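Shown next: protein-v5.cif, given as mmCIF, C-alpha atoms.
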data_my_file
loop_
_atom_site.label_atom_id
_atom_site.label_comp_id
_atom_site.auth_asym_id
_atom_site.auth_seq_id
_atom_site.Cartn_x
_atom_site.Cartn_y
_atom_site.Cartn_z
CA MET A 5 18.06 -10.34 -12.05
CA ALA A 6 19.25 -13.77 -10.85
CA LEU A 7 17.37 -15.23 -7.89
CA PRO A 8 18.28 -17.81 -5.24
CA LEU A 9 17.30 -21.38 -6.08
CA MET A 10 14.56 -21.56 -3.44
CA PRO A 11 13.44 -17.95 -2.95
CA LYS A 12 10.71 -18.50 -0.38
CA ALA A 13 12.74 -20.93 1.74
CA THR A 14 15.63 -18.46 1.61
CA ALA A 15 13.30 -15.63 2.69
CA VAL A 16 12.10 -17.72 5.63
CA TRP A 17 15.70 -18.20 6.81
CA LEU A 18 16.66 -14.55 6.32
CA ILE A 19 13.63 -13.35 8.32
CA ASP A 20 14.37 -15.74 11.18
CA ASN A 21 18.14 -15.30 11.32
CA THR A 22 19.04 -11.79 10.17
CA LYS A 23 18.24 -8.12 10.75
CA LEU A 24 17.73 -7.39 7.05
CA THR A 25 14.73 -5.24 6.15
CA PHE A 26 11.68 -6.67 4.40
CA ASP A 27 12.59 -4.63 1.31
CA GLN A 28 16.11 -6.10 1.19
CA ILE A 29 14.80 -9.65 1.53
CA ALA A 30 12.09 -9.02 -1.07
CA ARG A 31 14.60 -7.66 -3.60
CA PHE A 32 17.05 -10.51 -3.08
CA CYS A 33 14.44 -13.26 -3.25
CA GLY A 34 12.36 -11.70 -6.02
CA LEU A 35 9.27 -11.57 -3.81
CA HIS A 36 6.70 -8.86 -3.27
CA VAL A 37 7.30 -7.03 0.00
CA LEU A 38 3.78 -8.05 1.11
CA GLU A 39 4.78 -11.67 0.67
CA VAL A 40 7.78 -11.13 2.91
CA LYS A 41 5.59 -9.46 5.52
CA GLY A 42 3.19 -12.39 5.24
CA ILE A 43 6.04 -14.81 5.90
CA ALA A 44 7.08 -12.83 8.97
CA ASP A 45 3.48 -12.83 10.23
CA GLY A 46 3.14 -16.58 9.71
CA GLU A 47 0.48 -16.19 7.01
CA VAL A 48 2.66 -17.24 4.05
CA ALA A 49 5.16 -20.08 3.54
CA VAL A 50 3.59 -22.13 6.31
CA GLY A 51 5.53 -25.36 6.79
CA ILE A 52 8.45 -24.31 4.56
CA VAL A 53 11.87 -24.96 6.12
CA GLY A 54 14.32 -22.07 5.90
CA LEU A 55 17.35 -22.37 3.62
CA ASP A 56 20.66 -20.74 4.59
CA PRO A 57 22.02 -18.99 1.45
CA VAL A 58 25.53 -18.77 2.95
CA ALA A 59 25.74 -22.47 3.81
CA ASN A 60 24.62 -23.52 0.33
CA GLY A 61 27.06 -21.15 -1.39
CA GLN A 62 24.57 -18.69 -2.84
CA ILE A 63 26.06 -15.64 -1.12
CA ALA A 64 29.53 -14.97 0.27
CA PRO A 65 30.28 -15.03 4.01
CA GLY A 66 29.98 -11.55 5.48
CA GLU A 67 27.47 -10.44 2.84
CA ILE A 68 24.57 -10.47 5.28
CA GLU A 69 26.51 -8.45 7.86
CA ARG A 70 27.42 -5.88 5.20
CA CYS A 71 23.77 -5.38 4.21
CA GLU A 72 22.54 -5.33 7.81
CA LYS A 73 24.69 -2.23 8.35
CA ASP A 74 23.26 -0.50 5.26
CA PRO A 75 19.48 -0.88 4.68
CA ALA A 76 19.91 0.48 1.15
CA ALA A 77 22.42 -2.23 0.19
CA ASP A 78 21.46 -5.34 -1.77
CA LEU A 79 22.69 -8.88 -1.20
CA LYS A 80 24.84 -10.08 -4.10
CA LEU A 81 24.18 -13.58 -5.40
CA LEU A 82 27.26 -15.61 -6.27
CA GLU A 83 27.56 -17.07 -9.74
CA PRO A 84 26.53 -20.76 -9.75
CA THR A 85 29.40 -23.17 -10.34
CA VAL A 86 27.02 -25.63 -12.04
CA PRO A 87 24.67 -24.41 -14.81
CA VAL A 88 21.05 -24.43 -13.71
CA GLN A 89 18.79 -26.33 -16.09
CA ARG A 90 15.99 -24.19 -17.45
CA GLN A 91 12.47 -25.28 -16.71
CA LYS A 92 9.96 -25.69 -19.50
CA THR A 93 7.31 -22.98 -19.37
CA LYS A 94 5.14 -24.08 -22.30
CA GLY A 95 2.74 -26.94 -22.58
CA ALA A 96 0.29 -28.51 -20.16
CA LYS A 97 1.29 -29.22 -16.60
CA TYR A 98 2.22 -32.89 -16.24
CA THR A 99 2.14 -34.63 -12.89
CA PRO A 100 3.81 -38.07 -12.63
CA LEU A 101 1.49 -40.96 -11.81
CA SER A 102 3.26 -41.49 -8.50
CA LYS A 103 2.39 -37.94 -7.45
CA ARG A 104 -1.20 -37.71 -8.64
CA GLN A 105 -2.56 -39.34 -5.50
CA ASP A 106 -0.99 -36.49 -3.51
CA ARG A 107 -2.71 -33.71 -5.46
CA PRO A 108 -5.79 -33.53 -3.18
CA ASP A 109 -3.41 -32.88 -0.26
CA ALA A 110 -1.73 -30.09 -2.22
CA ILE A 111 -5.12 -28.62 -3.15
CA ALA A 112 -6.20 -28.71 0.49
CA TRP A 113 -2.96 -26.91 1.47
CA LEU A 114 -3.55 -24.09 -0.98
CA LEU A 115 -7.23 -23.76 -0.02
CA LYS A 116 -6.31 -23.59 3.67
CA TYR A 117 -3.25 -21.35 3.64
CA HIS A 118 -3.71 -19.37 0.41
CA PRO A 119 -7.44 -19.03 -0.30
CA GLU A 120 -6.67 -15.86 -2.27
CA VAL A 121 -5.24 -17.96 -5.14
CA PRO A 122 -7.90 -18.32 -7.88
CA ASP A 123 -9.03 -21.82 -8.82
CA ALA A 124 -7.70 -21.32 -12.35
CA GLN A 125 -4.19 -20.79 -10.97
CA VAL A 126 -4.50 -23.82 -8.69
CA GLN A 127 -5.51 -25.89 -11.71
CA LYS A 128 -2.52 -24.71 -13.71
CA LEU A 129 -0.03 -25.05 -10.85
CA LEU A 130 -1.08 -28.54 -9.75
CA GLY A 131 -2.31 -29.93 -13.05
CA THR A 132 -5.76 -30.61 -11.67
CA THR A 133 -9.38 -29.81 -12.56
CA LYS A 134 -12.02 -27.43 -11.25
CA ALA A 135 -14.20 -30.39 -10.27
CA THR A 136 -11.42 -31.87 -8.11
CA ILE A 137 -10.80 -28.52 -6.42
CA ASP A 138 -14.51 -28.14 -5.66
CA SER A 139 -14.72 -31.67 -4.27
CA VAL A 140 -11.79 -31.01 -1.91
CA ARG A 141 -13.24 -27.65 -0.87
CA ASN A 142 -16.73 -29.08 -0.27
CA ARG A 143 -15.40 -32.30 1.30
CA THR A 144 -17.16 -34.43 -1.28
CA HIS A 145 -13.95 -35.97 -2.63
CA TRP A 146 -14.10 -39.76 -2.59
CA ASN A 147 -11.03 -39.87 -0.31
CA HIS A 148 -11.73 -36.75 1.75
CA VAL A 149 -11.29 -38.62 5.06
CA ASN A 150 -7.61 -39.17 4.29
CA ILE A 151 -6.83 -35.76 2.76
CA LYS A 152 -4.29 -33.74 4.76
CA PRO A 153 -3.02 -30.27 3.71
CA ARG A 154 0.56 -30.65 2.50
CA ASP A 155 2.90 -28.25 0.72
CA PRO A 156 2.93 -29.07 -3.04
CA VAL A 157 6.67 -28.30 -3.18
CA SER A 158 7.48 -30.90 -0.54
CA LEU A 159 5.26 -33.34 -2.43
CA GLY A 160 7.23 -32.71 -5.63
CA ILE A 161 4.15 -31.58 -7.58
CA CYS A 162 5.56 -28.13 -8.39
CA SER A 163 8.76 -26.19 -7.84
CA GLN A 164 9.23 -23.48 -5.23
CA SER A 165 9.65 -20.85 -7.95
CA GLU A 166 6.37 -21.87 -9.59
CA LEU A 167 4.56 -21.65 -6.27
CA ASP A 168 6.19 -18.30 -5.50
CA ARG A 169 5.03 -16.81 -8.81
CA VAL A 170 1.44 -17.86 -8.15
CA LEU A 171 1.46 -16.46 -4.61
CA ILE A 172 3.04 -13.17 -5.70
CA LEU A 173 0.36 -12.69 -8.36
CA ALA A 174 -2.35 -13.53 -5.83
CA ALA A 175 -0.91 -11.03 -3.34
CA LYS A 176 -0.88 -8.31 -6.01
CA ARG A 177 -4.48 -9.09 -6.96
CA ARG A 178 -5.51 -8.94 -3.30
CA GLU A 179 -3.69 -5.63 -2.84
CA ASN A 180 -5.32 -4.15 -5.96
CA LYS A 181 -8.74 -5.41 -4.83
CA GLU A 182 -8.34 -3.80 -1.41
CA LYS A 183 -7.31 -0.50 -3.01
CA ARG A 184 -10.27 -0.66 -5.39
CA GLU A 185 -12.70 -1.42 -2.58
CA ALA A 186 -11.26 1.46 -0.53
CA ARG A 187 -11.75 3.85 -3.47
CA GLU A 188 -15.31 2.64 -3.97
CA ALA A 189 -16.05 3.06 -0.26
CA ARG A 190 -14.74 6.63 -0.32
CA ALA A 191 -16.79 7.38 -3.43
CA ARG A 192 -19.95 6.03 -1.77
CA ALA A 193 -19.27 8.08 1.35
CA ARG A 194 -18.87 11.25 -0.74
CA ALA A 195 -22.07 10.49 -2.65
CA GLU A 196 -24.02 9.92 0.56
CA ALA A 197 -22.65 13.13 2.05
CA ALA A 198 -23.64 15.08 -1.07
CA THR A 199 -27.14 13.60 -1.02
CA THR A 200 -27.57 14.50 2.65
CA ALA A 201 -26.39 18.05 1.99
CA GLU A 202 -28.84 18.48 -0.90
CA GLY A 203 -31.73 17.43 1.35
CA GLN A 204 -31.03 20.15 3.91
CA PRO A 205 -33.22 23.32 3.44
CA ASP A 206 -31.32 26.52 2.79
CA MET A 207 -31.51 29.01 5.69
CA PRO A 208 -29.75 32.36 5.94
CA ALA A 209 -27.15 32.51 8.64
CA ASP A 210 -28.98 35.41 10.43
CA ALA A 211 -32.41 33.85 10.13
CA ALA A 212 -34.18 32.92 13.33
CA PRO A 213 -37.50 31.21 13.96
CA ASP A 214 -40.52 33.54 14.47
CA THR A 215 -41.20 33.50 18.21
CA ALA A 216 -43.19 36.75 18.43
CA LEU A 217 -46.35 36.62 20.58
CA PRO A 218 -49.73 37.43 18.96
CA ASP A 219 -51.03 41.02 19.37
CA GLU A 220 -53.21 41.58 22.44
CA GLU A 221 -56.72 42.84 21.83
#
Exercise: express the given structure as structure tokens:
Amino acid sequence: MALPLMPKATAVWLIDNTKLTFDQIARFCGLHVLEVKGIADGEVAVGIVGLDPVANGQIAPGEIERCEKDPAADLKLLEPTVPVQRQKTKGAKYTPLSKRQDRPDAIAWLLKYHPEVPDAQVQKLLGTTKATIDSVRNRTHWNHVNIKPRDPVSLGICSQSELDRVLILAAKRRENKEKREAREARARARAEAATTAEGQPDMPADAAPDTALPDEE
């Protein structure tokens, strides 16, 4: 399914300016519904400026109004008039020399706003190393005084679609982890309840403690 050019920026605009449901926005932008909820709550896409899909010719006028009236309807993306160049997906991530000095800022942004993203994914997305990530996190980087969290997309280090993919995967991992922890907690509770029950002495329902007085002489 074709997606808008800047899915997360488009989602930001749709949340702020329409009455579309989270599911409709998630389907149109190719995002997980939890990501869309995170955007609405201000936990995701911090600092990203919304992009109007009607103004930039990605959907037809009146399309939003049509889908607002029918929560089951999907926004239809218009065919691009100019072919979109495919991005290379193989090979090591290359960051231009002019952008490498901005990588610590991008690392700081991800650590601050998306700590759920594993270091390995940060390395791959930004073309950095584990040692650099640790130095930014621990504030031992040689230039830590001047490091300011900045969106890697606005810095030109990665594309919005690349960032979106990483955040969607991180959200799914977090969701799966929460479900797993909930299952484990329920299993522990059942085990503790069973252990407590086993420790209780069996007593017939009609049994009563012996309160008879001793025989008088």
I want to know what sits within 10 Å of Arg169 in chain A, based on all atoms listed in the file, with residues of the same chain fewer than 6 positions away left out; could you give that as number ranges by chain?
A: 34-36, 129, 175
Could you tell me how far CA of Val40 in chain A lies from CA of Phe26 in chain A, in Å and to one decimal?
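If I compute the distance from CA of Val40 in chain A to CA of Phe26 in chain A, I get 6.1 Å.
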For the provided coordinates, the residues matched by the PyMOL selection byres ((chain A and resi 82) around 8) should be stated as a PyMOL selection string. chain A and resi 61-64+80-81+83-84
- request: Considering all atoms listed in the file, return as a PyMOL selection string whatever protein or nucleic-acid residues lie within 10 Å of Lys116 in chain A, sequence-local ones (same chain, fewer than 3 positions apart) excluded.
  value: chain A and resi 110-113+119-120+141+153-154
Result set, the PyMOL selection byres ((chain A and resi 178) around 12) on current file, as a list of chain:residue names: A:Leu38, A:Glu39, A:His118, A:Pro119, A:Glu120, A:Val121, A:Pro122, A:Leu171, A:Ile172, A:Leu173, A:Ala174, A:Ala175, A:Lys176, A:Arg177, A:Glu179, A:Asn180, A:Lys181, A:Glu182, A:Lys183, A:Arg184, A:Glu185
Axis-aligned box for range 41-55 of chain A, 4 Å per side, centre and edges in Å as AutoDock Vina command-line options:
--center_x 8.9 --center_y -17.4 --center_z 6.9 --size_x 24.9 --size_y 23.9 --size_z 14.7
* Pick out the residues sitting within 12 Å of Ala135 in chain A, and hand them over as a list of chain:residue names; count all atoms listed in the file, and ignore anything fewer than 2 positions along from it in its own chain. => A:Pro108, A:Ile111, A:Asp123, A:Ala124, A:Val126, A:Gln127, A:Thr132, A:Thr133, A:Ile137, A:Asp138, A:Ser139, A:Val140, A:Arg141, A:Asn142, A:Arg143, A:Thr144, A:His145
For CA of Lys128 in chain A and CA of Val170 in chain A, quote the distance in Å rounded to one decimal.
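Separating CA of Lys128 in chain A from CA of Val170 in chain A is a distance of 9.7 Å.
Take the candidates A:Glu188, A:Asp155, A:Glu166, A:Asp45 and check each one against Asp106 in chain A using only C-alpha atoms; the shortest distance goes to A:Asp155.
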Using the chain letters and numbers from the file, give me the residues hit by the PyMOL selection byres ((chain A and resi 51-59) around 6), as number ranges by chain. A: 13-14, 16-17, 49-50, 60-63
query: In Å, with one decimal, what is the gap from CA of Thr25 in chain A to CA of Val37 in chain A?
result: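 CA of Val37 in chain A lies at a distance of 9.8 Å from CA of Thr25 in chain A.
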- [ ] Counting all atoms listed in the file, figure out which residue out of A:Gly160, A:Pro75, A:Pro65, A:Gly46 gets nearest to Ile29 in chain A.
- [x]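 The shortest atom-to-atom distance to Ile29 in chain A comes from A:Pro75.
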Complete range 135-150 of chain A with N, CA, C and O atoms (output as a JSON list (two decimals), in the coordinates of the input).
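Ended up saving to out_33.json:
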[["chain", "number", "residue", "atom", "x", "y", "z"],
["A", 135, "ALA", "N", -13.34, -29.46, -10.99],
["A", 135, "ALA", "CA", -14.20, -30.39, -10.27],
["A", 135, "ALA", "C", -13.47, -30.99, -9.06],
["A", 135, "ALA", "O", -14.06, -31.14, -7.98],
["A", 136, "THR", "N", -12.19, -31.31, -9.23],
["A", 136, "THR", "CA", -11.42, -31.87, -8.11],
["A", 136, "THR", "C", -11.24, -30.83, -7.01],
["A", 136, "THR", "O", -11.35, -31.15, -5.82],
["A", 137, "ILE", "N", -10.96, -29.60, -7.40],
["A", 137, "ILE", "CA", -10.80, -28.52, -6.42],
["A", 137, "ILE", "C", -12.09, -28.34, -5.63],
["A", 137, "ILE", "O", -12.08, -28.24, -4.40],
["A", 138, "ASP", "N", -13.22, -28.31, -6.34],
["A", 138, "ASP", "CA", -14.51, -28.14, -5.66],
["A", 138, "ASP", "C", -14.80, -29.30, -4.72],
["A", 138, "ASP", "O", -15.33, -29.10, -3.62],
["A", 139, "SER", "N", -14.44, -30.52, -5.13],
["A", 139, "SER", "CA", -14.72, -31.67, -4.27],
["A", 139, "SER", "C", -13.88, -31.64, -2.99],
["A", 139, "SER", "O", -14.34, -32.03, -1.93],
["A", 140, "VAL", "N", -12.63, -31.14, -3.11],
["A", 140, "VAL", "CA", -11.79, -31.01, -1.91],
["A", 140, "VAL", "C", -12.34, -29.90, -1.02],
["A", 140, "VAL", "O", -12.42, -30.04, 0.20],
["A", 141, "ARG", "N", -12.73, -28.79, -1.63],
["A", 141, "ARG", "CA", -13.24, -27.65, -0.87],
["A", 141, "ARG", "C", -14.55, -28.01, -0.15],
["A", 141, "ARG", "O", -14.75, -27.66, 1.02],
["A", 142, "ASN", "N", -15.42, -28.73, -0.84],
["A", 142, "ASN", "CA", -16.73, -29.08, -0.27],
["A", 142, "ASN", "C", -16.73, -30.39, 0.50],
["A", 142, "ASN", "O", -17.78, -30.84, 0.97],
["A", 143, "ARG", "N", -15.55, -31.03, 0.59],
["A", 143, "ARG", "CA", -15.40, -32.30, 1.30],
["A", 143, "ARG", "C", -16.29, -33.40, 0.72],
["A", 143, "ARG", "O", -16.85, -34.21, 1.44],
["A", 144, "THR", "N", -16.41, -33.37, -0.60],
["A", 144, "THR", "CA", -17.16, -34.43, -1.28],
["A", 144, "THR", "C", -16.22, -35.35, -2.07],
["A", 144, "THR", "O", -16.71, -36.23, -2.78],
["A", 145, "HIS", "N", -14.93, -35.12, -1.94],
["A", 145, "HIS", "CA", -13.95, -35.97, -2.63],
["A", 145, "HIS", "C", -14.07, -37.40, -2.10],
["A", 145, "HIS", "O", -14.30, -37.61, -0.90],
["A", 146, "TRP", "N", -13.91, -38.36, -2.98],
["A", 146, "TRP", "CA", -14.10, -39.76, -2.59],
["A", 146, "TRP", "C", -13.16, -40.19, -1.44],
["A", 146, "TRP", "O", -13.48, -41.07, -0.65],
["A", 147, "ASN", "N", -12.00, -39.50, -1.34],
["A", 147, "ASN", "CA", -11.03, -39.87, -0.31],
["A", 147, "ASN", "C", -10.84, -38.74, 0.70],
["A", 147, "ASN", "O", -9.77, -38.61, 1.30],
["A", 148, "HIS", "N", -11.89, -37.95, 0.92],
["A", 148, "HIS", "CA", -11.73, -36.75, 1.75],
["A", 148, "HIS", "C", -11.32, -37.06, 3.19],
["A", 148, "HIS", "O", -10.69, -36.24, 3.85],
["A", 149, "VAL", "N", -11.64, -38.25, 3.67],
["A", 149, "VAL", "CA", -11.29, -38.62, 5.06],
["A", 149, "VAL", "C", -9.78, -38.66, 5.25],
["A", 149, "VAL", "O", -9.26, -38.34, 6.33],
["A", 150, "ASN", "N", -9.06, -39.01, 4.19],
["A", 150, "ASN", "CA", -7.61, -39.17, 4.29],
["A", 150, "ASN", "C", -6.83, -37.97, 3.76],
["A", 150, "ASN", "O", -5.59, -38.00, 3.74]]
